[in-house]
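What follows is my_file.txt (compact mmCIF, C-alpha atoms).
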```
# COMPACT_ATOMS: atom_id res chain seq x y z
CA MET A 94 21.62 -10.46 3.20
CA SER A 95 24.17 -8.65 1.01
CA ILE A 96 23.99 -4.92 0.36
CA GLU A 97 23.16 -5.63 -3.31
CA GLU A 98 20.23 -7.87 -2.35
CA GLY A 99 18.99 -5.44 0.29
CA ALA A 100 19.30 -2.50 -2.14
CA LYS A 101 16.69 -4.06 -4.47
CA PHE A 102 14.11 -4.12 -1.68
CA VAL A 103 15.04 -0.63 -0.49
CA ALA A 104 14.78 0.75 -4.04
CA ALA A 105 11.38 -0.94 -4.51
CA ALA A 106 10.03 0.49 -1.24
CA TYR A 107 11.18 4.04 -1.95
CA ALA A 108 9.92 3.81 -5.54
CA VAL A 109 6.44 2.89 -4.27
CA ILE A 110 6.43 5.84 -1.86
CA LEU A 111 7.66 8.29 -4.50
CA ALA A 112 5.16 7.05 -7.09
CA VAL A 113 2.20 7.24 -4.70
CA VAL A 114 3.08 10.70 -3.36
CA ILE A 115 3.76 12.19 -6.81
CA ALA A 116 0.60 10.62 -8.31
CA TYR A 117 -1.57 11.85 -5.44
CA TYR A 118 -0.04 15.34 -5.55
CA ALA A 119 -0.57 15.57 -9.33
CA MET A 120 -4.17 14.36 -9.04
CA SER A 121 -4.84 16.76 -6.19
CA ALA A 122 -3.37 19.74 -8.08
CA ARG A 123 -5.41 18.89 -11.18
CA ARG A 124 -8.57 18.53 -9.11
CA VAL A 125 -8.05 21.92 -7.44
CA SER A 126 -7.46 23.71 -10.75
CA ALA A 127 -10.53 22.05 -12.33
CA LEU A 128 -12.69 22.96 -9.32
CA THR A 129 -11.39 26.54 -9.31
CA ARG A 130 -12.29 26.86 -13.00
CA ASP A 131 -15.78 25.44 -12.37
CA VAL A 132 -16.36 27.84 -9.46
CA GLU A 133 -15.41 30.81 -11.65
CA LEU A 134 -17.70 29.66 -14.48
CA LEU A 135 -20.62 29.09 -12.12
CA LYS A 136 -20.09 32.44 -10.37
CA ALA A 137 -20.17 34.18 -13.74
CA GLU A 138 -23.37 32.30 -14.63
CA VAL A 139 -25.00 33.25 -11.32
CA GLU A 140 -24.05 36.92 -11.80
CA LYS A 141 -25.43 36.84 -15.36
CA ARG A 142 -28.73 35.35 -14.21
CA GLU A 143 -29.03 37.77 -11.29
CA ALA A 144 -28.38 40.71 -13.63
CA VAL A 145 -31.07 39.46 -16.03
CA SER A 146 -33.62 38.91 -13.24
CA SER A 147 -32.95 42.35 -11.67
CA GLY A 148 -33.43 43.96 -15.10
CA ASP A 149 -36.86 42.38 -15.49
CA MET B 78 2.66 33.78 9.17
CA LYS B 79 -0.21 32.80 6.89
CA LYS B 80 2.25 32.40 4.01
CA LEU B 81 4.35 29.99 6.09
CA THR B 82 1.36 27.71 6.62
CA SER B 83 0.03 27.95 3.04
CA ALA B 84 -0.07 24.68 1.11
CA PRO B 85 2.82 25.58 -1.28
CA ALA B 86 5.05 26.63 1.66
CA LEU B 87 4.21 23.41 3.51
CA PHE B 88 4.89 21.31 0.40
CA ALA B 89 8.26 23.04 -0.06
CA ALA B 90 9.19 22.50 3.61
CA ALA B 91 8.05 18.86 3.45
CA GLY B 92 10.11 18.28 0.30
CA ALA B 93 13.21 19.84 1.89
CA PHE B 94 12.91 17.74 5.06
CA LEU B 95 12.15 14.53 3.16
CA VAL B 96 15.13 14.96 0.84
CA ALA B 97 17.37 15.81 3.82
CA GLY B 98 16.07 12.76 5.70
CA LEU B 99 16.76 10.54 2.72
CA LEU B 100 20.29 11.90 2.25
CA LEU B 101 21.05 11.46 5.95
CA ALA B 102 19.60 7.93 5.93
CA PHE B 103 21.82 6.83 3.05
CA LEU B 104 24.94 8.96 3.51
CA TYR B 105 25.17 9.60 7.26
CA ALA B 106 23.42 6.79 9.13
CA PRO B 107 25.38 3.51 9.14
CA VAL B 108 24.15 0.23 7.68
CA ASP B 109 22.31 -1.68 10.40
CA ALA B 110 24.54 -4.22 12.09
CA SER B 111 21.70 -6.70 12.74
CA SER B 112 20.49 -9.38 10.34
CA MET B 113 18.36 -6.76 8.54
CA GLY B 114 21.45 -5.13 7.06
CA PHE B 115 20.87 -2.66 4.23
CA SER B 116 17.13 -3.37 4.04
CA GLN B 117 16.78 -1.50 7.38
CA LYS B 118 17.08 1.73 5.30
CA ILE B 119 13.36 1.25 4.49
CA PHE B 120 12.69 2.16 8.13
CA TYR B 121 13.52 5.87 7.61
CA TYR B 122 10.36 6.46 5.55
CA HIS B 123 8.29 3.41 6.54
CA ALA B 124 8.02 4.27 10.25
CA PRO B 125 7.30 8.01 9.73
CA ILE B 126 4.58 7.13 7.18
CA ALA B 127 3.03 4.74 9.71
CA GLU B 128 3.08 7.35 12.50
CA THR B 129 1.67 9.98 10.12
CA ALA B 130 -1.16 7.67 9.06
CA LEU B 131 -2.15 7.26 12.70
CA VAL B 132 -1.89 11.04 13.23
CA ALA B 133 -4.24 11.56 10.25
CA PHE B 134 -6.80 9.21 11.83
CA GLY B 135 -6.33 11.14 15.08
CA ILE B 136 -7.16 14.40 13.27
CA ALA B 137 -10.25 12.72 11.76
CA PHE B 138 -11.27 11.58 15.26
CA VAL B 139 -10.95 15.07 16.77
CA ALA B 140 -12.70 16.71 13.79
CA ALA B 141 -15.53 14.15 14.09
CA ILE B 142 -16.02 15.02 17.77
CA LEU B 143 -16.00 18.72 16.89
CA TYR B 144 -18.61 18.09 14.17
CA LEU B 145 -20.93 16.33 16.61
CA ARG B 146 -20.57 19.26 19.06
CA ASP B 147 -21.00 21.91 16.35
CA PRO B 148 -22.33 20.58 13.01
CA ASP B 149 -20.28 22.93 10.86
CA PRO B 150 -19.44 21.37 7.45
CA LYS B 151 -15.79 22.44 7.88
CA TRP B 152 -15.30 19.72 10.56
CA ASP B 153 -16.86 17.10 8.30
CA ARG B 154 -14.56 18.18 5.46
CA LEU B 155 -11.49 17.97 7.73
CA SER B 156 -12.52 14.55 9.06
CA TYR B 157 -13.20 13.20 5.56
CA VAL B 158 -9.94 14.51 4.12
CA SER B 159 -7.94 13.19 7.09
CA VAL B 160 -9.44 9.71 6.77
CA ARG B 161 -8.65 9.67 3.05
CA LEU B 162 -5.05 10.72 3.64
CA GLY B 163 -4.70 8.34 6.58
CA LEU B 164 -5.82 5.53 4.32
CA LEU B 165 -3.41 6.61 1.59
CA PHE B 166 -0.52 6.61 4.07
CA SER B 167 -1.71 3.26 5.46
CA VAL B 168 -1.59 1.70 2.00
CA MET B 169 1.99 2.97 1.63
CA VAL B 170 2.85 1.49 5.05
CA MET B 171 1.36 -1.87 4.12
CA VAL B 172 3.18 -2.05 0.78
CA THR B 173 6.56 -0.87 2.07
CA GLY B 174 6.11 -3.10 5.13
CA MET B 175 5.50 -6.12 2.92
CA ILE B 176 8.63 -5.35 0.92
CA TRP B 177 10.65 -4.94 4.12
CA GLY B 178 9.07 -8.11 5.56
CA LYS B 179 10.19 -10.07 2.52
CA ALA B 180 13.73 -8.75 2.96
CA ALA B 181 13.91 -9.18 6.75
CA TRP B 182 11.71 -12.23 7.47
CA ASP B 183 11.60 -13.79 4.01
CA ALA B 184 7.80 -13.49 4.09
CA TRP B 185 5.53 -10.94 2.42
CA TRP B 186 3.00 -11.20 5.23
CA ALA B 187 2.73 -12.56 8.77
CA TRP B 188 -0.38 -12.68 10.93
CA GLU B 189 1.29 -10.94 13.84
CA PRO B 190 -0.27 -8.24 16.08
CA ARG B 191 1.02 -5.03 14.42
CA LEU B 192 0.34 -6.12 10.84
CA THR B 193 -3.04 -7.61 11.65
CA THR B 194 -4.28 -4.59 13.61
CA PHE B 195 -3.01 -2.24 10.87
CA LEU B 196 -4.87 -4.28 8.26
CA ILE B 197 -8.04 -3.97 10.38
CA VAL B 198 -7.47 -0.17 10.48
CA CYS B 199 -7.34 -0.18 6.66
CA PHE B 200 -10.57 -2.20 6.39
CA LEU B 201 -12.36 -0.03 8.97
CA TYR B 202 -11.50 3.22 7.24
CA THR B 203 -12.36 1.76 3.83
CA ALA B 204 -15.80 1.04 5.29
CA TYR B 205 -15.98 4.75 6.22
CA PHE B 206 -16.10 5.60 2.50
CA VAL B 207 -18.72 2.93 1.82
CA LEU B 208 -20.85 4.52 4.55
CA ARG B 209 -20.47 7.97 3.01
CA GLN B 210 -21.52 6.58 -0.36
CA VAL B 211 -24.73 4.95 0.88
CA VAL B 212 -26.12 7.89 2.89
CA GLU B 213 -27.46 10.54 0.52
CA GLU B 214 -28.74 13.28 2.78
CA GLU B 215 -25.79 15.59 3.53
CA SER B 216 -26.16 16.30 7.25
CA ARG B 217 -27.15 12.72 8.07
CA ARG B 218 -24.13 11.46 6.07
CA ALA B 219 -21.81 13.80 7.99
CA THR B 220 -23.26 12.73 11.36
CA TYR B 221 -23.01 9.00 10.61
CA ALA B 222 -19.49 9.47 9.22
CA ALA B 223 -18.46 11.37 12.37
CA VAL B 224 -19.77 8.61 14.63
CA PHE B 225 -18.01 6.02 12.49
CA ALA B 226 -14.71 7.96 12.55
CA ILE B 227 -14.89 8.08 16.36
CA VAL B 228 -15.64 4.36 16.71
CA ALA B 229 -13.04 3.31 14.12
CA PHE B 230 -10.37 5.26 15.98
CA ILE B 231 -10.52 2.66 18.79
CA ASP B 232 -8.25 0.45 16.66
CA VAL B 233 -5.58 3.17 16.27
CA PRO B 234 -4.09 3.03 19.80
CA ILE B 235 -4.45 -0.77 19.69
CA THR B 236 -2.30 -0.77 16.55
CA PHE B 237 0.22 1.63 18.06
CA PHE B 238 0.64 -0.34 21.28
CA ALA B 239 0.33 -3.80 19.69
CA THR B 240 4.09 -4.36 19.56
CA ARG B 241 4.56 -3.09 23.10
CA TYR B 242 1.91 -5.20 24.80
CA MET B 243 2.08 -8.22 22.50
CA PRO B 244 5.84 -8.65 22.13
CA GLU B 245 5.55 -12.19 20.74
CA GLY B 246 5.06 -10.65 17.26
CA LEU B 247 7.78 -10.27 14.64
CA HIS B 248 7.57 -6.48 14.59
CA PRO B 249 10.39 -4.92 16.61
CA VAL B 250 9.79 -2.12 19.13
CA VAL B 251 12.45 0.45 18.24
CA ILE B 252 11.56 3.61 20.16
CA ARG B 253 10.65 3.33 23.83
CA ALA B 254 10.08 6.01 26.45
CA GLY B 255 13.48 7.55 27.23
CA ASP B 256 15.31 5.37 24.71
CA SER B 257 15.51 6.04 20.97
CA GLY B 258 16.68 2.44 20.48
CA MET B 259 19.14 3.42 17.77
CA GLU B 260 22.40 5.23 17.15
CA GLY B 261 22.39 9.03 17.22
CA SER B 262 22.92 9.37 13.44
CA MET B 263 20.08 6.92 12.77
CA PHE B 264 17.79 8.74 15.17
CA LEU B 265 18.57 12.12 13.58
CA SER B 266 17.81 10.75 10.09
CA PHE B 267 14.59 9.25 11.39
CA MET B 268 13.47 12.47 13.10
CA ILE B 269 14.18 14.59 10.00
CA SER B 270 12.12 12.15 7.88
CA MET B 271 9.41 12.18 10.55
CA ALA B 272 9.25 16.00 10.39
CA GLY B 273 9.11 15.86 6.58
CA MET B 274 6.30 13.31 6.56
CA THR B 275 4.30 15.32 9.13
CA LEU B 276 4.71 18.47 7.02
CA LEU B 277 3.64 16.49 3.93
CA LEU B 278 0.48 15.40 5.74
CA ALA B 279 -0.21 19.00 6.81
CA ALA B 280 0.27 20.22 3.22
CA LEU B 281 -1.99 17.53 1.77
CA VAL B 282 -4.67 18.14 4.40
CA ARG B 283 -4.60 21.86 3.64
CA ALA B 284 -4.78 21.34 -0.13
CA ASP B 285 -7.52 18.70 0.09
CA VAL B 286 -9.64 20.74 2.52
CA ALA B 287 -9.41 23.66 0.07
CA ALA B 288 -10.54 21.33 -2.74
CA ALA B 289 -13.43 19.98 -0.64
CA ARG B 290 -14.48 23.56 0.15
CA LEU B 291 -14.47 24.39 -3.59
CA LYS B 292 -16.61 21.32 -4.25
CA ASP B 293 -19.17 22.46 -1.67
CA GLU B 294 -19.12 25.94 -3.22
CA ILE B 295 -19.87 24.39 -6.63
CA ASP B 296 -22.83 22.45 -5.19
CA ASP B 297 -24.11 25.65 -3.62
CA LEU B 298 -23.74 27.65 -6.87
CA LYS B 299 -25.47 24.86 -8.84
CA THR B 300 -28.37 25.00 -6.41
CA ARG B 301 -28.59 28.76 -6.89
CA ILE B 302 -28.81 28.46 -10.67
CA GLY B 303 -31.11 25.46 -10.37
CA GLY B 304 -28.70 23.06 -12.09
```
What would the structure in this file look like if it were written as structure tokens?
Amino acid sequence: MSIEEGAKFVAAAYAVILAVVIAYYAMSARRVSALTRDVELLKAEVEKREAVSSGD
Amino acid sequence: MKKLTSAPALFAAAGAFLVAGLLLAFLYAPVDASSMGFSQKIFYYHAPIAETALVAFGIAFVAAILYLRDPDPKWDRLSYVSVRLGLLFSVMVMVTGMIWGKAAWDAWWAWEPRLTTFLIVCFLYTAYFVLRQVVEEESRRATYAAVFAIVAFIDVPITFFATRYMPEGLHPVVIRAGDSGMEGSMFLSFMISMAGMTLLLAALVRADVAAARLKDEIDDLKTRIGG
């Protein structure tokens, strides 16, 4: 197999790896930031409710 | 020390090693003299990804045992995350292996020991997620998943040793005890890529465990506000 022929397969393999790793990393980072935001919102809600119930 | 093992630091180290491994593979290591020729360059990421996938299943196995000994949700989270990442790496191995197989053997797939046992690993760990979906009660789900992760791990050493004990397959055995099986420059490129891939797994495990912990915290907070 010539270098040119082999290079197509090598490029395809590395492209798959790069695409999968970048996509997973991006999804993971987005998930963490969304979860962090949700935790903060829920904590604020819990604090609000606890403050209301302790004032009763 | 904590900063060195934080997810961003691990991602940065993994990126540095992976780029270095890639540069060494293409600029320093020679083109393989065998019939594989240039397509052998796939090896420098393909083999480390395969080893890392098996390491991830190993982590899941150990975490599952630890969960059964001490049912702390942190072990279930680690096991779950490791299986997911092991499966992700396995999919990359299968796809890059098929591409390399087409280049080297002129066939996308062959029913030979390494490929077949790796495919079984993929199916087994896919079933792990099906199991987690069907069991609703949290602690029962974690216990069943732990038992499944332990049983499924049986196929991991079989996959690893398949090429060594069933040499009639197409898959070559490159590294043997006491023999790297390749030129020094090739071995160095491989080891740098291997270190990079291991660091990438560590970074992803760390980040995903943190995400799983946040998810559990959300469930807990929702329970507290009755949502």
Could you give me, as a list in words, the residues within 10 Å of Ala105 of chain A, counting all atoms listed in the file and dropping anything in the same chain fewer than 4 positions from it? Ala100, Lys101, Val109, Ile110 and Leu111 of chain A; Ile119, Val172, Thr173, Ile176 and Trp177 of chain B
Please measure the separation of atom CA of Ala181 of chain B and atom CA of Met113 of chain B, giving the value in Å to one decimal. 5.4 Å
For atom CA of Ala124 of chain B and atom CA of Phe267 of chain B, determine how far apart the two atoms are, in Å to one decimal place.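 Here the two named atoms are 8.3 Å from each other.
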List every residue of segment 251-302 of chain B that has an atom at most 9 Å from any atom of segment 138-141 of chain A, and for each one report the closest atom pair and its distance in Å to one decimal, counting only C-alpha atoms, with rows sorted by chain and then by increasing residue number, as a Markdown table.
```
| residue | atom | partner | partner_atom | distance |
| --- | --- | --- | --- | --- |
| B:Leu298 | CA | A:Val139 | CA | 7.3 |
| B:Lys299 | CA | A:Val139 | CA | 8.8 |
| B:Arg301 | CA | A:Val139 | CA | 7.3 |
| B:Ile302 | CA | A:Val139 | CA | 6.2 |
```
For segment 150-153 of chain B: contacts at 7 Å, all atoms listed in the file, fewer than 5 positions along chain excluded, given as a VMD selection string: chain B and resid 140 to 141 143 to 144 219
Which chain A residues are at most 6 Å from chain B (counting only C-alpha atoms), as a PyMOL selection string? chain A and resi 96+99+103+106+125+132
Any idea what the distance is between atom CA of Tyr121 of chain B and atom CA of Ala184 of chain B?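 Atom-to-atom, atom CA of Tyr121 of chain B to atom CA of Ala184 of chain B, that is 20.5 Å.
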Proximity to Glu215 of chain B - best of B:Asp149, B:Ser159, B:Ala229, B:Ala106, all atoms listed in the file: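 Between B:Asp149, B:Ser159, B:Ala229, B:Ala106, the residue approaching Glu215 of chain B most closely is B:Asp149.
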Looking at all atoms listed in the file, which of B:Ser167, B:Ser83, B:Thr220, B:Thr194 is the one that sits closest to Val113 of chain A?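 The answer is B:Ser167, which sits nearest to Val113 of chain A.
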For Asp232 of chain B, please output as a list in words all residues within 8 Å (counting all atoms listed in the file; exclusion window: fewer than 4 positions along the same chain). Thr194, Ile197, Val198 and Thr236 of chain B
Name all residues at most 12 Å from Phe230 of chain B (count only C-alpha atoms; drop same-chain ones fewer than 6 positions away) and give them as a list in words.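 My list of contacting residues is Ala130, Leu131, Val132, Ala133, Phe134, Gly135, Ile136, Ala137, Phe138, Val139, Ala140, Ala141, Ile142, Ser156, Val160, Gly163, Thr194, Phe195, Ile197, Val198, Cys199, Leu201, Tyr202, Tyr205, Ala223, Val224, Thr236 and Phe237 of chain B.
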Expected residue set, 10 Å radius at (-4.3, 20.6, -6.1), only C-alpha atoms, as a list in words: Tyr117, Tyr118, Ala119, Met120, Ser121, Ala122, Arg123, Arg124, Val125, Ser126, Ala127, Leu128 and Thr129 of chain A; Ala84, Pro85, Leu281, Arg283, Ala284, Asp285, Ala287 and Ala288 of chain B
Give me a file of those residues, with C-alpha atoms, as a PDB file, keeping the file's coordinate frame.
```
ATOM      1  CA  TYR A 117      -1.570  11.850  -5.440  1.00  0.00           C
ATOM      2  CA  TYR A 118      -0.040  15.340  -5.550  1.00  0.00           C
ATOM      3  CA  ALA A 119      -0.570  15.570  -9.330  1.00  0.00           C
ATOM      4  CA  MET A 120      -4.170  14.360  -9.040  1.00  0.00           C
ATOM      5  CA  SER A 121      -4.840  16.760  -6.190  1.00  0.00           C
ATOM      6  CA  ALA A 122      -3.370  19.740  -8.080  1.00  0.00           C
ATOM      7  CA  ARG A 123      -5.410  18.890 -11.180  1.00  0.00           C
ATOM      8  CA  ARG A 124      -8.570  18.530  -9.110  1.00  0.00           C
ATOM      9  CA  VAL A 125      -8.050  21.920  -7.440  1.00  0.00           C
ATOM     10  CA  SER A 126      -7.460  23.710 -10.750  1.00  0.00           C
ATOM     11  CA  ALA A 127     -10.530  22.050 -12.330  1.00  0.00           C
ATOM     12  CA  LEU A 128     -12.690  22.960  -9.320  1.00  0.00           C
ATOM     13  CA  THR A 129     -11.390  26.540  -9.310  1.00  0.00           C
TER      14      THR A 129
ATOM     15  CA  ALA B  84      -0.070  24.680   1.110  1.00  0.00           C
ATOM     16  CA  PRO B  85       2.820  25.580  -1.280  1.00  0.00           C
ATOM     17  CA  LEU B 281      -1.990  17.530   1.770  1.00  0.00           C
ATOM     18  CA  ARG B 283      -4.600  21.860   3.640  1.00  0.00           C
ATOM     19  CA  ALA B 284      -4.780  21.340  -0.130  1.00  0.00           C
ATOM     20  CA  ASP B 285      -7.520  18.700   0.090  1.00  0.00           C
ATOM     21  CA  ALA B 287      -9.410  23.660   0.070  1.00  0.00           C
ATOM     22  CA  ALA B 288     -10.540  21.330  -2.740  1.00  0.00           C
TER      23      ALA B 288
END
```
